[in-house]
Amino acid sequence: MAFLEISGISKSYGEGANRTDVLEDINLKVEEGEFIAIVGFSGTGKTTLISLLAGLIEPDTGGIVFKGREIDGPSPDRGVVFQSYSLMPWLSVAGNVALAVDSVFRKKSSAERKAICDKYIGMVGLAHARDRKPAELSGGMRQRVAVARALAMQPELLLLDEPLSALDALTRAKLQDEFAAICEEEKKTIVLITNDVDEAILLADRIVPLKPGTNATLGPEFNVPFKRPRDRGELNHDEDFIRLRADVTAYLMEAGAQRGADTERDIVLPNIVPITQRPKGGDKLPDAYERAAETAKQDRYLEFSRLKKVYPTPKGPLTVVDGFDLKMRKGEFITLIGHSGCGKSTVLSMVAGLNPITDGAIVLDGTHVTQAGPDRAVVFQAPSLMPWLTAYENVELGVDKVYPDASRAEKRDVIEYYLSKVGLSDAMEKAAGDLSNGMKQRVGIARAFALSPKLLLLDEPFGMLDSLTRWELQDVLMDVWKRTQVTAVCVTHDVDEAILLADRVVMMSNGPNARIGNIMEVDLPRPRSRRELLAHPDYYAYREELLDFLEAYEGGADPSPEQLKSIQEKRATRMARQKAAIQAAE
């Protein structure tokens, strides 16, 4: 008999016309000591499944047998870690863990219970913070407390409901590695719900996709053949890892596409010029001068010169960015990546004109940036929509300002064209407050492109979304961008996103006094999609350089120029070797 067996589980909410079918005919067997990762899109019933396994809700049909007995309610032998930390804000780290330990191990002495608490607080690396309250902890530290609390109950089955999804990509990667080490030490039977394919491969023995849509059910299983412990960097070289990652990703993308995309309407953009693109008045310059000026502007369309930002603090001036120098070509797409606190968003806010420059200069198309303006469109991590307005009206706000002389029909065509291109043809008249986070961000992207800006600025635009929704919107962004070729700068924590979007990836050193640490040219064919990149032989060489760069700056380190150069040479050597192998095969 399996350690855990799910048989024919179905679950719905509501009744009659308000009934929502969530899960249908879920079947799964888990052996003792096995680590299962269930991967799926948001809204597919992953949390419902975890709640059923935890005994927090009952199925409509079917049953769950754990260790030979049917689950009929919650029990300490099944520990749960949810996406939200669920910590008591008035208790310390030790107090939050002790709350669980005291309830499960009432018969043990206070010294024994304290020893259990100390063991698991130390295991998650929080011994130094045991007396801190949750408000004094980062998001990553709070989730460590939740993991320590679940482990301290010493359950036989550990249920993890997207425990790291609320964290940025770099913090998430660090905790994944720590969690892998903890799992190896504890040897628990684990069911992990995640939307991150890399996380599933790094941690699990088997990956089981959850098909999206109403009446969600489980898809085909993927076995993970790699020995433990698994090294993230080493896996990046492994052909079996590359193949497995591509297979799981392709399946999920295909399943996502089958949910039914909005059809694009056949709208032709009107031939109207926004105020941000109109030529300046004044005397006409000689043709030779204009040609020379145009060449310079094409190559130095956006220029950061010795950019510096200093913030006043009670302890004195804090220099966040110091000596940021970069020249961008017209139509180029740059991504900025680096550890938290390296000044990426500070640079973006200065070029947007939302944050004053302390020293140096930013020049866009021959004009110094001194304040915000419609020639620069910004897409923030939070969508920043008017919730009482429709998707159409939110885009219309910007279009009215940028095309003041256009007719109503021309403006309508611009708005509907871009909303259609981001897949919102059928949701234009929905209030923004009624849209999902992914749909709201689509509106933000449509609004930014509809402004026909000289510069598109993206500040972790998909950071609040789950990995699979992020894939979809990255492809949406690439599809719309290839039509406009607008010059763009995107701040991201996500290595794969940085490579997918960019002509060059600009890697920043640690703050304070952050600067450019390395620039990586991405010579991959456009137009790009995630699916095509996964099949490209050079993709993982670029990925390795970014991962090595981030590792070199881990924990506030300041690597030498020689160390950074060796990282670049390692990637060049790998790509040359791959090219030679392809040529030999031909």
# chains A, B, ... in the order shown; residues from 1 in each chain; ligands from 1
>>> residues_around(residues="A:Leu244", least_positions_apart="6", cutoff="12 Å", atoms="only C-alpha atoms", output="mmCIF file with N, CA and C atoms, in the first residue's frame")
data_model
loop_
_atom_site.group_PDB
_atom_site.id
_atom_site.type_symbol
_atom_site.label_atom_id
_atom_site.label_comp_id
_atom_site.auth_asym_id
_atom_site.auth_seq_id
_atom_site.Cartn_x
_atom_site.Cartn_y
_atom_site.Cartn_z
ATOM 1 N N VAL A 197 9.322 25.654 -12.520
ATOM 2 C CA VAL A 197 9.853 24.397 -13.046
ATOM 3 C C VAL A 197 11.242 24.106 -12.485
ATOM 4 N N ASP A 198 12.096 25.130 -12.377
ATOM 5 C CA ASP A 198 13.446 24.923 -11.838
ATOM 6 C C ASP A 198 13.394 24.443 -10.392
ATOM 7 N N ALA A 200 10.992 22.745 -9.017
ATOM 8 C CA ALA A 200 10.525 21.360 -9.028
ATOM 9 C C ALA A 200 11.657 20.395 -9.369
ATOM 10 N N ILE A 201 12.464 20.741 -10.375
ATOM 11 C CA ILE A 201 13.564 19.862 -10.787
ATOM 12 C C ILE A 201 14.641 19.798 -9.718
ATOM 13 N N LEU A 202 14.930 20.918 -9.077
ATOM 14 C CA LEU A 202 15.980 20.961 -8.054
ATOM 15 C C LEU A 202 15.610 20.109 -6.841
ATOM 16 N N ARG A 206 9.645 13.363 -8.532
ATOM 17 C CA ARG A 206 8.689 13.315 -9.640
ATOM 18 C C ARG A 206 8.003 14.663 -9.772
ATOM 19 N N ILE A 207 7.731 15.068 -11.022
ATOM 20 C CA ILE A 207 6.987 16.294 -11.295
ATOM 21 C C ILE A 207 5.659 15.900 -11.932
ATOM 22 N N GLU A 221 3.257 12.365 -15.757
ATOM 23 C CA GLU A 221 4.346 12.552 -14.794
ATOM 24 C C GLU A 221 5.692 12.650 -15.505
ATOM 25 N N PHE A 222 6.617 13.401 -14.879
ATOM 26 C CA PHE A 222 7.996 13.496 -15.359
ATOM 27 C C PHE A 222 8.909 13.048 -14.218
ATOM 28 N N ASN A 223 9.701 12.020 -14.455
ATOM 29 C CA ASN A 223 10.662 11.573 -13.444
ATOM 30 C C ASN A 223 11.900 12.457 -13.473
ATOM 31 N N VAL A 224 12.418 12.766 -12.269
ATOM 32 C CA VAL A 224 13.630 13.583 -12.151
ATOM 33 C C VAL A 224 14.774 12.641 -11.775
ATOM 34 N N PRO A 225 15.730 12.390 -12.688
ATOM 35 C CA PRO A 225 16.703 11.309 -12.481
ATOM 36 C C PRO A 225 17.983 11.699 -11.742
ATOM 37 N N PHE A 226 18.109 12.951 -11.310
ATOM 38 C CA PHE A 226 19.407 13.432 -10.815
ATOM 39 C C PHE A 226 19.663 13.030 -9.368
ATOM 40 N N LEU A 235 23.833 21.431 -12.750
ATOM 41 C CA LEU A 235 22.679 21.014 -13.549
ATOM 42 C C LEU A 235 22.604 21.789 -14.865
ATOM 43 N N ASN A 236 23.037 23.029 -14.819
ATOM 44 C CA ASN A 236 22.985 23.884 -15.995
ATOM 45 C C ASN A 236 23.809 23.334 -17.158
ATOM 46 N N ASP A 238 24.080 19.911 -17.576
ATOM 47 C CA ASP A 238 23.618 18.546 -17.789
ATOM 48 C C ASP A 238 22.587 18.483 -18.925
ATOM 49 N N ALA A 250 7.542 22.924 -22.147
ATOM 50 C CA ALA A 250 6.737 22.822 -23.368
ATOM 51 C C ALA A 250 5.338 22.290 -23.055
ATOM 52 N N TYR A 251 5.259 21.286 -22.166
ATOM 53 C CA TYR A 251 3.952 20.738 -21.807
ATOM 54 C C TYR A 251 3.078 21.808 -21.146
ATOM 55 N N LEU A 534 14.678 27.883 -25.281
ATOM 56 C CA LEU A 534 15.038 26.649 -24.581
ATOM 57 C C LEU A 534 15.705 25.635 -25.506
ATOM 58 N N ALA A 535 15.438 25.750 -26.800
ATOM 59 C CA ALA A 535 16.019 24.814 -27.756
ATOM 60 C C ALA A 535 17.323 25.334 -28.360
#
>>> residues_around(residues="stretch 343-346 of chain A", least_positions_apart="2", cutoff="10 Å", atoms="only C-alpha atoms", output="count of residues only")
39
>>> atom_distance(atom1="atom CA of A:Ser560", atom2="atom CA of A:Ile516")
13.2 Å
>>> select_by_dssp(residues="stretch 401-529 of chain A", states="helix (DSSP H, G or I)", output="JSON, numbers by chain")
{"A": [401, 402, 408, 409, 410, 411, 412, 413, 414, 415, 416, 417, 418, 419, 420, 421, 425, 426, 427, 432, 433, 434, 437, 438, 439, 440, 441, 442, 443, 444, 445, 446, 447, 448, 449, 450, 467, 468, 469, 470, 471, 472, 473, 474, 475, 476, 477, 478, 479, 480, 481, 482, 483, 484, 495, 496, 497, 498, 499, 500, 501]}
>>> residues_around(residues="stretch 567-580 of chain A", least_positions_apart="2", cutoff="9 Å", atoms="only C-alpha atoms", output="PyMOL selection string")
chain A and resi 518+520+537-538+541-542+544-546+548-549+562-565+582-585
>>> write_last_selection(atoms="C-alpha atoms", output="PDB file, in the first residue's frame")
ATOM      1  CA  ASN A 518      29.588  43.433 -16.319  1.00  0.00           C
ATOM      2  CA  MET A 520      26.734  40.618 -21.520  1.00  0.00           C
ATOM      3  CA  PRO A 537      22.358  25.649 -27.874  1.00  0.00           C
ATOM      4  CA  ASP A 538      23.816  28.948 -26.566  1.00  0.00           C
ATOM      5  CA  ALA A 541      25.841  29.346 -21.726  1.00  0.00           C
ATOM      6  CA  TYR A 542      24.338  32.822 -21.246  1.00  0.00           C
ATOM      7  CA  GLU A 544      25.513  30.133 -16.693  1.00  0.00           C
ATOM      8  CA  GLU A 545      27.323  33.478 -16.996  1.00  0.00           C
ATOM      9  CA  LEU A 546      24.480  35.310 -15.229  1.00  0.00           C
ATOM     10  CA  ASP A 548      28.028  32.789 -11.963  1.00  0.00           C
ATOM     11  CA  PHE A 549      27.969  36.592 -11.880  1.00  0.00           C
ATOM     12  CA  GLU A 562      40.008  39.058 -13.062  1.00  0.00           C
ATOM     13  CA  GLN A 563      37.246  36.943 -11.510  1.00  0.00           C
ATOM     14  CA  LEU A 564      34.570  38.657 -13.608  1.00  0.00           C
ATOM     15  CA  LYS A 565      36.680  38.248 -16.744  1.00  0.00           C
ATOM     16  CA  ILE A 582      27.410  21.440 -34.198  1.00  0.00           C
ATOM     17  CA  GLN A 583      29.740  22.027 -37.159  1.00  0.00           C
ATOM     18  CA  ALA A 584      31.307  18.589 -36.688  1.00  0.00           C
ATOM     19  CA  ALA A 585      27.872  16.977 -36.621  1.00  0.00           C
TER      20      ALA A 585
END
>>> atom_distance(atom1="atom CA of A:Glu429", atom2="atom CA of A:Leu389")
8.8 Å
>>> residues_around(residues="A:Leu218", least_positions_apart="2", cutoff="10 Å", atoms="only C-alpha atoms", output="MDAnalysis selection string")
chainID A and resid 23:28 38:40 208:212 216 220:221
>>> write_last_selection(atoms="N, CA and C atoms", output="compact mmCIF listing (two decimals), in the first residue's frame")
# COMPACT_ATOMS: atom_id res chain seq x y z
N LEU A 23 -11.50 20.83 -9.06
CA LEU A 23 -10.71 19.62 -9.31
C LEU A 23 -11.63 18.47 -9.73
N GLU A 24 -11.13 17.62 -10.62
CA GLU A 24 -11.94 16.48 -11.05
C GLU A 24 -11.05 15.24 -11.22
N ASP A 25 -11.42 14.16 -10.55
CA ASP A 25 -10.79 12.85 -10.73
C ASP A 25 -9.26 12.92 -10.57
N ILE A 26 -8.84 13.41 -9.41
CA ILE A 26 -7.40 13.48 -9.09
C ILE A 26 -6.96 12.14 -8.49
N ASN A 27 -5.96 11.53 -9.13
CA ASN A 27 -5.43 10.24 -8.65
C ASN A 27 -3.91 10.32 -8.56
N LEU A 28 -3.37 9.93 -7.40
CA LEU A 28 -1.91 10.00 -7.22
C LEU A 28 -1.50 9.09 -6.07
N ILE A 38 3.99 19.20 -7.57
CA ILE A 38 2.82 19.41 -8.44
C ILE A 38 2.91 20.83 -8.99
N VAL A 39 3.01 20.94 -10.31
CA VAL A 39 3.27 22.22 -10.96
C VAL A 39 2.04 22.65 -11.75
N GLY A 40 1.65 23.91 -11.59
CA GLY A 40 0.49 24.38 -12.34
C GLY A 40 0.33 25.88 -12.28
N VAL A 208 4.56 16.42 -11.36
CA VAL A 208 3.23 16.11 -11.88
C VAL A 208 2.53 17.42 -12.20
N PRO A 209 2.29 17.71 -13.50
CA PRO A 209 1.58 18.95 -13.84
C PRO A 209 0.10 18.87 -13.51
N LEU A 210 -0.46 20.01 -13.12
CA LEU A 210 -1.90 20.12 -12.91
C LEU A 210 -2.46 20.91 -14.08
N LYS A 211 -3.30 20.26 -14.89
CA LYS A 211 -3.82 20.91 -16.09
C LYS A 211 -4.70 22.09 -15.70
N PRO A 212 -4.57 23.21 -16.42
CA PRO A 212 -5.38 24.39 -16.07
C PRO A 212 -6.82 24.28 -16.55
N ALA A 216 -9.93 20.82 -13.20
CA ALA A 216 -8.51 20.53 -13.40
C ALA A 216 -8.19 19.11 -12.96
N PRO A 220 0.56 14.14 -17.35
CA PRO A 220 1.57 13.07 -17.35
C PRO A 220 2.71 13.40 -16.39
N GLU A 221 3.26 12.37 -15.76
CA GLU A 221 4.35 12.55 -14.79
C GLU A 221 5.69 12.65 -15.50
>>> closest_residue(among="A:Glu303, A:Glu393, A:Asp494, A:Asp400", to="A:Val369", atoms="only C-alpha atoms")
A:Glu303
>>> atom_distance(atom1="atom CA of A:Asp475", atom2="atom CA of A:Arg530")
7.1 Å
>>> residues_around(residues="A:Phe35", least_positions_apart="5", cutoff="7 Å", atoms="only C-alpha atoms", output="list in words")
Thr189, Ile190, Val191, Ala204, Asp205 and Arg206 of chain A
>>> write_last_selection(atoms="N, CA, C and O atoms", output="PDB file, in the first residue's frame")
ATOM      1  N   THR A 189       8.617  12.679   3.700  1.00  0.00           N
ATOM      2  CA  THR A 189       7.770  12.536   2.516  1.00  0.00           C
ATOM      3  C   THR A 189       7.160  13.916   2.276  1.00  0.00           C
ATOM      4  O   THR A 189       6.578  14.510   3.188  1.00  0.00           O
ATOM      5  N   ILE A 190       7.322  14.431   1.059  1.00  0.00           N
ATOM      6  CA  ILE A 190       6.954  15.828   0.810  1.00  0.00           C
ATOM      7  C   ILE A 190       6.121  15.945  -0.458  1.00  0.00           C
ATOM      8  O   ILE A 190       6.432  15.327  -1.481  1.00  0.00           O
ATOM      9  N   VAL A 191       5.052  16.738  -0.374  1.00  0.00           N
ATOM     10  CA  VAL A 191       4.290  17.148  -1.557  1.00  0.00           C
ATOM     11  C   VAL A 191       4.423  18.663  -1.663  1.00  0.00           C
ATOM     12  O   VAL A 191       4.001  19.395  -0.764  1.00  0.00           O
ATOM     13  N   ALA A 204      12.530  17.803  -6.454  1.00  0.00           N
ATOM     14  CA  ALA A 204      11.601  16.660  -6.461  1.00  0.00           C
ATOM     15  C   ALA A 204      12.179  15.388  -7.081  1.00  0.00           C
ATOM     16  O   ALA A 204      13.153  15.415  -7.824  1.00  0.00           O
ATOM     17  N   ASP A 205      11.511  14.278  -6.758  1.00  0.00           N
ATOM     18  CA  ASP A 205      11.762  12.992  -7.418  1.00  0.00           C
ATOM     19  C   ASP A 205      10.865  12.824  -8.634  1.00  0.00           C
ATOM     20  O   ASP A 205      11.236  12.189  -9.615  1.00  0.00           O
ATOM     21  N   ARG A 206       9.645  13.363  -8.532  1.00  0.00           N
ATOM     22  CA  ARG A 206       8.689  13.315  -9.640  1.00  0.00           C
ATOM     23  C   ARG A 206       8.003  14.663  -9.772  1.00  0.00           C
ATOM     24  O   ARG A 206       7.707  15.326  -8.759  1.00  0.00           O
TER      25      ARG A 206
END
>>> closest_residue(among="A:Lys188, A:Lys411, A:Arg526, A:Arg228", to="A:Phe333", atoms="only C-alpha atoms")
A:Arg526
>>> closest_residue(among="A:Glu532, A:Glu551, A:Glu254, A:Asp77", to="A:Arg232", atoms="only C-alpha atoms")
A:Glu551
>>> select_by_dssp(residues="stretch 251-445 of chain A", states="strand (DSSP E or B)", output="PyMOL selection string")
chain A and resi 302-311+318-328+333-337+359-364+367-368+376-379+390+431
>>> residues_around(residues="A:Lys330", least_positions_apart="2", cutoff="6 Å", atoms="only C-alpha atoms", output="list in words")
Gln298, Tyr301, Glu332 and Thr487 of chain A
>>> closest_residue(among="A:Leu455, A:Tyr553, A:Leu269, A:Arg483", to="A:Asp413", atoms="only C-alpha atoms")
A:Leu269
>>> decode(residues="stretch 554-577 of chain A", atoms="N, CA and C atoms", output="PDB file, in the first residue's frame")
ATOM      1  N   GLU A 554      27.356  37.320  -4.353  1.00  0.00           N
ATOM      2  CA  GLU A 554      26.525  36.815  -3.258  1.00  0.00           C
ATOM      3  C   GLU A 554      27.041  37.323  -1.918  1.00  0.00           C
ATOM      4  N   GLY A 555      26.094  37.695  -1.034  1.00  0.00           N
ATOM      5  CA  GLY A 555      26.448  38.074   0.332  1.00  0.00           C
ATOM      6  C   GLY A 555      27.247  39.359   0.440  1.00  0.00           C
ATOM      7  N   GLY A 556      27.119  40.264  -0.554  1.00  0.00           N
ATOM      8  CA  GLY A 556      27.827  41.541  -0.485  1.00  0.00           C
ATOM      9  C   GLY A 556      29.266  41.482  -0.947  1.00  0.00           C
ATOM     10  N   ALA A 557      29.669  40.387  -1.591  1.00  0.00           N
ATOM     11  CA  ALA A 557      31.057  40.237  -2.046  1.00  0.00           C
ATOM     12  C   ALA A 557      31.386  41.248  -3.152  1.00  0.00           C
ATOM     13  N   ASP A 558      32.677  41.536  -3.303  1.00  0.00           N
ATOM     14  CA  ASP A 558      33.155  42.468  -4.328  1.00  0.00           C
ATOM     15  C   ASP A 558      34.219  41.755  -5.167  1.00  0.00           C
ATOM     16  N   PRO A 559      33.803  40.996  -6.191  1.00  0.00           N
ATOM     17  CA  PRO A 559      34.763  40.201  -6.958  1.00  0.00           C
ATOM     18  C   PRO A 559      35.749  41.076  -7.729  1.00  0.00           C
ATOM     19  N   SER A 560      36.924  40.532  -7.989  1.00  0.00           N
ATOM     20  CA  SER A 560      37.971  41.251  -8.711  1.00  0.00           C
ATOM     21  C   SER A 560      37.650  41.283 -10.201  1.00  0.00           C
ATOM     22  N   PRO A 561      38.238  42.231 -10.945  1.00  0.00           N
ATOM     23  CA  PRO A 561      38.051  42.252 -12.402  1.00  0.00           C
ATOM     24  C   PRO A 561      38.485  40.947 -13.063  1.00  0.00           C
ATOM     25  N   GLU A 562      39.525  40.324 -12.517  1.00  0.00           N
ATOM     26  CA  GLU A 562      40.008  39.058 -13.062  1.00  0.00           C
ATOM     27  C   GLU A 562      38.959  37.957 -12.911  1.00  0.00           C
ATOM     28  N   GLN A 563      38.276  37.945 -11.743  1.00  0.00           N
ATOM     29  CA  GLN A 563      37.246  36.943 -11.510  1.00  0.00           C
ATOM     30  C   GLN A 563      36.076  37.124 -12.470  1.00  0.00           C
ATOM     31  N   LEU A 564      35.668  38.381 -12.688  1.00  0.00           N
ATOM     32  CA  LEU A 564      34.570  38.657 -13.608  1.00  0.00           C
ATOM     33  C   LEU A 564      34.951  38.304 -15.041  1.00  0.00           C
ATOM     34  N   LYS A 565      36.213  38.580 -15.397  1.00  0.00           N
ATOM     35  CA  LYS A 565      36.680  38.248 -16.744  1.00  0.00           C
ATOM     36  C   LYS A 565      36.680  36.737 -16.971  1.00  0.00           C
ATOM     37  N   SER A 566      37.054  35.991 -15.939  1.00  0.00           N
ATOM     38  CA  SER A 566      37.082  34.529 -16.073  1.00  0.00           C
ATOM     39  C   SER A 566      35.680  33.969 -16.295  1.00  0.00           C
ATOM     40  N   ILE A 567      34.664  34.629 -15.707  1.00  0.00           N
ATOM     41  CA  ILE A 567      33.275  34.210 -15.915  1.00  0.00           C
ATOM     42  C   ILE A 567      32.880  34.414 -17.381  1.00  0.00           C
ATOM     43  N   GLN A 568      33.274  35.558 -17.940  1.00  0.00           N
ATOM     44  CA  GLN A 568      32.986  35.829 -19.354  1.00  0.00           C
ATOM     45  C   GLN A 568      33.690  34.822 -20.255  1.00  0.00           C
ATOM     46  N   GLU A 569      34.958  34.540 -19.951  1.00  0.00           N
ATOM     47  CA  GLU A 569      35.742  33.618 -20.777  1.00  0.00           C
ATOM     48  C   GLU A 569      35.174  32.199 -20.718  1.00  0.00           C
ATOM     49  N   LYS A 570      34.647  31.829 -19.551  1.00  0.00           N
ATOM     50  CA  LYS A 570      34.038  30.509 -19.383  1.00  0.00           C
ATOM     51  C   LYS A 570      32.853  30.351 -20.322  1.00  0.00           C
ATOM     52  N   ARG A 571      32.032  31.404 -20.410  1.00  0.00           N
ATOM     53  CA  ARG A 571      30.880  31.356 -21.311  1.00  0.00           C
ATOM     54  C   ARG A 571      31.333  31.304 -22.769  1.00  0.00           C
ATOM     55  N   ALA A 572      32.330  32.117 -23.137  1.00  0.00           N
ATOM     56  CA  ALA A 572      32.828  32.139 -24.517  1.00  0.00           C
ATOM     57  C   ALA A 572      33.392  30.781 -24.922  1.00  0.00           C
ATOM     58  N   THR A 573      34.099  30.144 -23.987  1.00  0.00           N
ATOM     59  CA  THR A 573      34.676  28.829 -24.257  1.00  0.00           C
ATOM     60  C   THR A 573      33.584  27.798 -24.478  1.00  0.00           C
ATOM     61  N   ARG A 574      32.551  27.841 -23.639  1.00  0.00           N
ATOM     62  CA  ARG A 574      31.444  26.886 -23.767  1.00  0.00           C
ATOM     63  C   ARG A 574      30.737  27.059 -25.103  1.00  0.00           C
ATOM     64  N   MET A 575      30.505  28.310 -25.514  1.00  0.00           N
ATOM     65  CA  MET A 575      29.801  28.561 -26.770  1.00  0.00           C
ATOM     66  C   MET A 575      30.641  28.132 -27.972  1.00  0.00           C
ATOM     67  N   ALA A 576      31.957  28.366 -27.883  1.00  0.00           N
ATOM     68  CA  ALA A 576      32.842  27.945 -28.974  1.00  0.00           C
ATOM     69  C   ALA A 576      32.858  26.422 -29.094  1.00  0.00           C
ATOM     70  N   ARG A 577      32.848  25.744 -27.963  1.00  0.00           N
ATOM     71  CA  ARG A 577      32.846  24.280 -27.951  1.00  0.00           C
ATOM     72  C   ARG A 577      31.547  23.743 -28.555  1.00  0.00           C
TER      73      ARG A 577
END
